[in-house]
Amino acid sequence: MAFKDDPAESGAGTDAASGLGRGIFDCDGAHQSPRKHDYERVFQSGMVVLDTNVLLNLYRSNARTRQDTLAVLTKLRDRLWVPHQVLTEFWRNRELKSVRHHHSTKAKETSAALERVRRSASDAVERWVKDVRLKQDEGVTQRINESLAALSETVEELQGIIDGQAERDALGGTAETHSDPVLRELEPLLSGRIGEPLSTDEYDKAVQAAQKRADEEIPPGYEDFKTKPAERAAGDYLLWLQLLQEAQRRSCDVLLVTGDVKKDWWQPRDGDIPARPRAELVVELREQAGVRLYMLTPAELLTWAEQLLEGLHVDKGSVDDLEQLRGADRDDDELEEGWSRPSLDAFVEQLVARYPAHAKVIVAAAANGGFVDRETVYDLAGYSPDRQLKGFTRPVSTVARELEDQGVLSGDEPFLLHTIYGSLTEPSWASGFRIPDETIPLLRESFESGPLWPTSPKGPDEPAEEGKGAERDES
């Protein structure tokens, strides 16, 4: 998107062709740093637009942060506006364990990480004892056993502390909408302040426009098109389109509050230069609505609100809490898809340790567009021709259940390895296995060129040899 100079901003109507009368900021103000009076003006007469993560953070925050955030939003109530796309994403993500049960989920993840450290230390010491052939009755082995027991006790103590804190931070009553304390606060706060949805025709055209913009890397949202199907990837642009339309209707400056820190929204922080909205977005809003765009993260909103809104005190811990959440948010798109790179890495790590053949098959599927045929499974697993594939996916189910119990998985992830039936000779036999499309780029990021990555994957349409005796998988 090219920048257009705005004669109205040049300060003089003199000879435009010669460039006389123009100034250094004659690029629609797209590169100007906002100042205190800019935020003060938008707080008083602008439109404060809330992104989905601002609302979902109310579940993930501790009580103090939630209280401070709601106090700020209440002060800004007359200025608030929520695009309908945000409402759609809020309800789609609200019931995820990683949202409503954020604290218990994080506690389980941390406890699981501590347990892995304890088990890894114990296994490492056990291997060393065997390698150097120490006898069980030697004094050093007794000291080792005492130290390992102390390590286990310390890990259990830490797990108890973490679980206790998670219980204190847990937000009760969220299972039912009528008892949900967050919804009870948001309902009067946002009543009459949520935009209308796009019509079916407008929606279809918007998704197509989002795809075209993504092809040209026009912000926002083009990053999502690299990993997600079009309708999900279009979410950022749908929000932006609704924001543009409302800004045109109101003719007032816009402050977008978002925890999404991807580069298709922000020009990132560089040393002591603060992050700022992408210049293309500032220009587009200026051209479409004649107003200025400002952006703040939820933590920055609290900081500026305390400075500019009378009678408001914000705890510094609340700002720090929201900064931490911004790093953990994964912008809510990963929440929608279920799998994230850390959860996939943890899953494959478990498979490598316990079911290496299944880890190889999953990574090979990622290298082959999401599918791996039966012949390749036999080759990777080293199975004999008379070995059956019946129940092949059961270990994947086992690991998924265990990691969910540990809090590493939310339970909302799509099953990782699906059986595809219908071989050429026997329709009830497995012809191969497929992984979810959204996991392919994540697995590529982690394992491409690594030891698990196949050197020459077969094409997805290459016919499989019919000589292997696979049976129907009853997983």
# chains A, B, ... in the order shown; residues from 1 in each chain; ligands from 1
$ residues_around --residues "A:Leu198" --least-positions-apart "4" --cutoff "9 Å" --atoms "only C-alpha atoms" --output "VMD selection string"
chain A and resid 84 to 85 202 to 203 206 238 242
$ residues_around --residues "A:Ser104" --least-positions-apart "3" --cutoff "6 Å" --atoms "only C-alpha atoms" --output "JSON, numbers by chain"
{"A": [101, 107, 166]}
$ write_last_selection --atoms "N, CA, C and O atoms" --output "PDB file, in the first residue's frame"
ATOM      1  N   HIS A 101      -9.732 -21.941  32.752  1.00  0.00           N
ATOM      2  CA  HIS A 101      -8.938 -22.618  33.778  1.00  0.00           C
ATOM      3  C   HIS A 101      -7.450 -22.330  33.592  1.00  0.00           C
ATOM      4  O   HIS A 101      -6.610 -23.218  33.736  1.00  0.00           O
ATOM      5  N   ALA A 107      -0.500 -24.331  36.204  1.00  0.00           N
ATOM      6  CA  ALA A 107       0.054 -25.076  37.344  1.00  0.00           C
ATOM      7  C   ALA A 107       0.389 -26.506  36.926  1.00  0.00           C
ATOM      8  O   ALA A 107       1.444 -27.046  37.281  1.00  0.00           O
ATOM      9  N   ALA A 166      -2.471 -21.757  42.500  1.00  0.00           N
ATOM     10  CA  ALA A 166      -3.464 -21.870  41.421  1.00  0.00           C
ATOM     11  C   ALA A 166      -4.871 -21.915  41.992  1.00  0.00           C
ATOM     12  O   ALA A 166      -5.799 -21.313  41.431  1.00  0.00           O
TER      13      ALA A 166
END
$ select_by_dssp --residues "stretch 181-329 of chain A" --states "strand (DSSP E)" --output "list of chain:residue names"
A:Val254, A:Leu255, A:Leu256, A:Val257, A:Trp266, A:Gln267, A:Arg276, A:Pro277, A:Leu293, A:Tyr294, A:Met295, A:Leu296
$ closest_residue --among "A:Ser343, A:Asp163, A:Val319, A:Gly46" --to "A:Gln67" --atoms "only C-alpha atoms"
A:Val319
$ residues_around --residues "A:Asp412" --least-positions-apart "6" --cutoff "8 Å" --atoms "only C-alpha atoms" --output "PyMOL selection string"
chain A and resi 96-97+338
$ write_last_selection --atoms "N, CA, C and O atoms" --output "PDB file, in the first residue's frame"
ATOM      1  N   LEU A  96     -12.372 -22.638  26.443  1.00  0.00           N
ATOM      2  CA  LEU A  96     -11.142 -23.426  26.428  1.00  0.00           C
ATOM      3  C   LEU A  96     -10.547 -23.492  27.828  1.00  0.00           C
ATOM      4  O   LEU A  96     -10.606 -22.534  28.594  1.00  0.00           O
ATOM      5  N   LYS A  97      -9.977 -24.634  28.158  1.00  0.00           N
ATOM      6  CA  LYS A  97      -9.354 -24.788  29.476  1.00  0.00           C
ATOM      7  C   LYS A  97      -8.240 -23.759  29.680  1.00  0.00           C
ATOM      8  O   LYS A  97      -8.013 -23.298  30.797  1.00  0.00           O
ATOM      9  N   GLY A 338      -6.013 -25.007  18.712  1.00  0.00           N
ATOM     10  CA  GLY A 338      -5.766 -26.106  19.631  1.00  0.00           C
ATOM     11  C   GLY A 338      -4.296 -26.399  19.801  1.00  0.00           C
ATOM     12  O   GLY A 338      -3.751 -26.222  20.886  1.00  0.00           O
TER      13      GLY A 338
END
$ residues_around --residues "A:Pro277" --least-positions-apart "3" --cutoff "9 Å" --atoms "only C-alpha atoms" --output "ChimeraX atom specification"
/A:30,265-268,280-282,293-296
$ write_last_selection --atoms "all heavy atoms" --output "compact mmCIF listing (two decimals), in the first residue's frame"
# COMPACT_ATOMS: atom_id res chain seq x y z
N ALA A 30 2.10 9.13 9.62
CA ALA A 30 2.22 7.70 9.88
C ALA A 30 3.43 7.35 10.73
O ALA A 30 3.46 6.28 11.31
CB ALA A 30 2.29 6.94 8.56
N TRP A 265 0.67 -6.23 12.69
CA TRP A 265 -0.04 -5.15 13.40
C TRP A 265 0.92 -4.04 13.82
O TRP A 265 0.59 -2.87 13.77
CB TRP A 265 -0.73 -5.69 14.66
CG TRP A 265 -2.05 -6.35 14.45
CD1 TRP A 265 -2.35 -7.68 14.53
CD2 TRP A 265 -3.30 -5.71 14.12
NE1 TRP A 265 -3.67 -7.91 14.29
CE2 TRP A 265 -4.28 -6.72 14.03
CE3 TRP A 265 -3.67 -4.39 13.89
CZ2 TRP A 265 -5.62 -6.46 13.73
CZ3 TRP A 265 -5.01 -4.13 13.59
CH2 TRP A 265 -5.96 -5.15 13.51
N TRP A 266 2.11 -4.42 14.25
CA TRP A 266 3.04 -3.49 14.90
C TRP A 266 4.34 -3.34 14.14
O TRP A 266 4.84 -4.31 13.56
CB TRP A 266 3.39 -3.98 16.30
CG TRP A 266 2.27 -4.08 17.27
CD1 TRP A 266 1.44 -5.13 17.47
CD2 TRP A 266 1.87 -3.07 18.21
NE1 TRP A 266 0.54 -4.85 18.46
CE2 TRP A 266 0.78 -3.59 18.95
CE3 TRP A 266 2.34 -1.78 18.52
CZ2 TRP A 266 0.15 -2.88 19.95
CZ3 TRP A 266 1.70 -1.08 19.52
CH2 TRP A 266 0.63 -1.61 20.22
N GLN A 267 4.89 -2.14 14.17
CA GLN A 267 6.31 -1.92 13.90
C GLN A 267 7.00 -2.17 15.23
O GLN A 267 6.80 -1.42 16.17
CB GLN A 267 6.56 -0.48 13.42
CG GLN A 267 8.01 -0.16 13.10
CD GLN A 267 8.49 -0.88 11.86
OE1 GLN A 267 7.71 -1.10 10.93
NE2 GLN A 267 9.75 -1.27 11.84
N PRO A 268 7.77 -3.26 15.36
CA PRO A 268 8.21 -3.68 16.70
C PRO A 268 9.18 -2.71 17.34
O PRO A 268 9.82 -1.88 16.68
CB PRO A 268 8.87 -5.04 16.43
CG PRO A 268 9.26 -4.99 14.99
CD PRO A 268 8.23 -4.15 14.30
N GLU A 280 1.22 1.39 7.41
CA GLU A 280 0.16 1.14 6.43
C GLU A 280 -1.22 1.25 7.07
O GLU A 280 -2.18 1.72 6.44
CB GLU A 280 0.32 -0.25 5.80
CG GLU A 280 1.62 -0.43 5.03
CD GLU A 280 2.69 -1.10 5.88
OE1 GLU A 280 2.78 -0.78 7.09
OE2 GLU A 280 3.43 -1.92 5.33
N LEU A 281 -1.34 0.79 8.33
CA LEU A 281 -2.63 0.86 9.02
C LEU A 281 -3.01 2.30 9.34
O LEU A 281 -4.17 2.69 9.20
CB LEU A 281 -2.58 0.02 10.30
CG LEU A 281 -2.28 -1.47 10.12
CD1 LEU A 281 -2.18 -2.15 11.48
CD2 LEU A 281 -3.36 -2.13 9.26
N VAL A 282 -2.02 3.07 9.79
CA VAL A 282 -2.28 4.49 10.09
C VAL A 282 -2.76 5.21 8.83
O VAL A 282 -3.73 5.98 8.86
CB VAL A 282 -0.99 5.15 10.63
CG1 VAL A 282 -1.22 6.65 10.85
CG2 VAL A 282 -0.55 4.49 11.94
N LEU A 293 -4.96 6.67 13.99
CA LEU A 293 -4.92 5.39 14.69
C LEU A 293 -3.84 5.41 15.75
O LEU A 293 -2.70 5.80 15.50
CB LEU A 293 -4.64 4.25 13.71
CG LEU A 293 -4.40 2.87 14.35
CD1 LEU A 293 -5.70 2.34 14.97
CD2 LEU A 293 -3.86 1.87 13.31
N TYR A 294 -4.21 4.96 16.95
CA TYR A 294 -3.26 4.72 18.03
C TYR A 294 -3.45 3.27 18.50
O TYR A 294 -4.55 2.71 18.38
CB TYR A 294 -3.48 5.67 19.21
CG TYR A 294 -3.40 7.13 18.82
CD1 TYR A 294 -4.56 7.84 18.53
CD2 TYR A 294 -2.18 7.79 18.74
CE1 TYR A 294 -4.50 9.18 18.16
CE2 TYR A 294 -2.11 9.12 18.38
CZ TYR A 294 -3.27 9.81 18.08
OH TYR A 294 -3.20 11.14 17.71
N MET A 295 -2.40 2.67 19.03
CA MET A 295 -2.50 1.31 19.54
C MET A 295 -1.75 1.19 20.86
O MET A 295 -0.68 1.76 21.03
CB MET A 295 -1.95 0.30 18.52
CG MET A 295 -2.90 0.04 17.36
SD MET A 295 -2.18 -0.91 15.97
CE MET A 295 -1.50 -2.32 16.81
N LEU A 296 -2.33 0.44 21.79
CA LEU A 296 -1.69 0.14 23.07
C LEU A 296 -1.92 -1.33 23.40
O LEU A 296 -2.95 -1.91 23.02
CB LEU A 296 -2.29 1.00 24.19
CG LEU A 296 -2.00 2.49 24.19
CD1 LEU A 296 -2.80 3.17 25.31
CD2 LEU A 296 -0.50 2.78 24.35
$ closest_residue --among "A:Leu189, A:Val117, A:Val257, A:Leu325" --to "A:Thr297" --atoms "only C-alpha atoms"
A:Val257
$ select_by_dssp --residues "stretch 330-376 of chain A" --states "alpha helix (DSSP H)" --output "PyMOL selection string"
chain A and resi 333-337+341-354+356-367+374-376
$ residues_around --residues "stretch 178-184 of chain A" --least-positions-apart "2" --cutoff "12 Å" --atoms "only C-alpha atoms" --output "ChimeraX atom specification"
/A:54-61,63,66-67,69-70,90-91,94-95,99-100,170-176,186-191
$ residues_around --residues "stretch 376-378 of chain A" --least-positions-apart "5" --cutoff "8 Å" --atoms "only C-alpha atoms" --output "short mmCIF file (atom, residue, chain, number, x, y, z; two decimals) with N, CA, C and O atoms, in the first residue's frame"
data_model
loop_
_atom_site.label_atom_id
_atom_site.label_comp_id
_atom_site.auth_asym_id
_atom_site.auth_seq_id
_atom_site.Cartn_x
_atom_site.Cartn_y
_atom_site.Cartn_z
N VAL A 361 6.54 -41.38 12.11
CA VAL A 361 5.40 -41.34 11.19
C VAL A 361 4.77 -39.95 11.17
O VAL A 361 4.44 -39.42 10.10
N TYR A 383 8.73 -52.58 10.69
CA TYR A 383 7.84 -53.71 10.91
C TYR A 383 8.09 -54.81 9.86
O TYR A 383 8.41 -54.52 8.70
N SER A 384 7.89 -56.03 10.27
CA SER A 384 7.95 -57.15 9.34
C SER A 384 6.65 -57.18 8.53
O SER A 384 5.61 -56.65 8.97
N PRO A 385 6.67 -57.78 7.34
CA PRO A 385 5.47 -57.77 6.48
C PRO A 385 4.25 -58.40 7.12
O PRO A 385 3.11 -58.04 6.75
N GLY A 432 -3.20 -45.52 5.05
CA GLY A 432 -2.19 -44.59 5.57
C GLY A 432 -2.76 -43.80 6.73
O GLY A 432 -3.82 -44.12 7.28
#
$ residues_around --residues "stretch 345-355 of chain A" --least-positions-apart "6" --cutoff "9 Å" --atoms "only C-alpha atoms" --output "JSON, numbers by chain"
{"A": [362, 363, 395, 396, 399, 400, 403, 408, 409, 442, 443, 446]}
$ write_last_selection --atoms "N, CA, C and O atoms" --output "mmCIF file, in the first residue's frame"
data_model
loop_
_atom_site.group_PDB
_atom_site.id
_atom_site.type_symbol
_atom_site.label_atom_id
_atom_site.label_comp_id
_atom_site.auth_asym_id
_atom_site.auth_seq_id
_atom_site.Cartn_x
_atom_site.Cartn_y
_atom_site.Cartn_z
ATOM 1 N N ILE A 362 4.595 -39.331 12.338
ATOM 2 C CA ILE A 362 3.965 -38.011 12.409
ATOM 3 C C ILE A 362 4.826 -36.963 11.710
ATOM 4 O O ILE A 362 4.330 -36.129 10.934
ATOM 5 N N VAL A 363 6.128 -36.992 11.958
ATOM 6 C CA VAL A 363 7.025 -36.018 11.312
ATOM 7 C C VAL A 363 7.091 -36.276 9.810
ATOM 8 O O VAL A 363 7.124 -35.334 9.002
ATOM 9 N N PRO A 395 -1.145 -45.742 20.943
ATOM 10 C CA PRO A 395 -0.127 -45.020 21.733
ATOM 11 C C PRO A 395 -0.270 -43.504 21.654
ATOM 12 O O PRO A 395 0.023 -42.794 22.620
ATOM 13 N N VAL A 396 -0.736 -42.993 20.514
ATOM 14 C CA VAL A 396 -0.955 -41.551 20.379
ATOM 15 C C VAL A 396 -2.067 -41.115 21.327
ATOM 16 O O VAL A 396 -1.978 -40.069 21.985
ATOM 17 N N VAL A 399 -0.620 -41.120 25.016
ATOM 18 C CA VAL A 399 0.210 -39.958 25.325
ATOM 19 C C VAL A 399 -0.651 -38.696 25.435
ATOM 20 O O VAL A 399 -0.428 -37.848 26.309
ATOM 21 N N ALA A 400 -1.659 -38.567 24.574
ATOM 22 C CA ALA A 400 -2.534 -37.395 24.626
ATOM 23 C C ALA A 400 -3.251 -37.320 25.974
ATOM 24 O O ALA A 400 -3.331 -36.251 26.585
ATOM 25 N N LEU A 403 -0.684 -36.341 28.779
ATOM 26 C CA LEU A 403 -0.260 -34.940 28.725
ATOM 27 C C LEU A 403 -1.409 -34.001 29.088
ATOM 28 O O LEU A 403 -1.182 -32.922 29.638
ATOM 29 N N VAL A 408 -0.200 -30.265 30.085
ATOM 30 C CA VAL A 408 0.580 -29.858 28.918
ATOM 31 C C VAL A 408 -0.345 -29.611 27.731
ATOM 32 O O VAL A 408 -0.136 -28.706 26.930
ATOM 33 N N LEU A 409 -1.391 -30.424 27.600
ATOM 34 C CA LEU A 409 -2.408 -30.231 26.573
ATOM 35 C C LEU A 409 -3.692 -29.725 27.219
ATOM 36 O O LEU A 409 -3.989 -30.064 28.373
ATOM 37 N N LEU A 442 3.787 -26.108 12.037
ATOM 38 C CA LEU A 442 4.405 -26.142 13.364
ATOM 39 C C LEU A 442 5.446 -27.249 13.454
ATOM 40 O O LEU A 442 6.539 -27.059 14.012
ATOM 41 N N LEU A 443 5.117 -28.425 12.918
ATOM 42 C CA LEU A 443 6.075 -29.525 12.912
ATOM 43 C C LEU A 443 7.270 -29.213 12.016
ATOM 44 O O LEU A 443 8.409 -29.571 12.337
ATOM 45 N N SER A 446 9.786 -27.055 13.849
ATOM 46 C CA SER A 446 10.544 -27.724 14.903
ATOM 47 C C SER A 446 11.477 -28.814 14.386
ATOM 48 O O SER A 446 12.555 -29.016 14.953
#
$ closest_residue --among "A:Leu239, A:Ala366, A:Ala124, A:Val291" --to "A:Thr88" --atoms "only C-alpha atoms"
A:Leu239
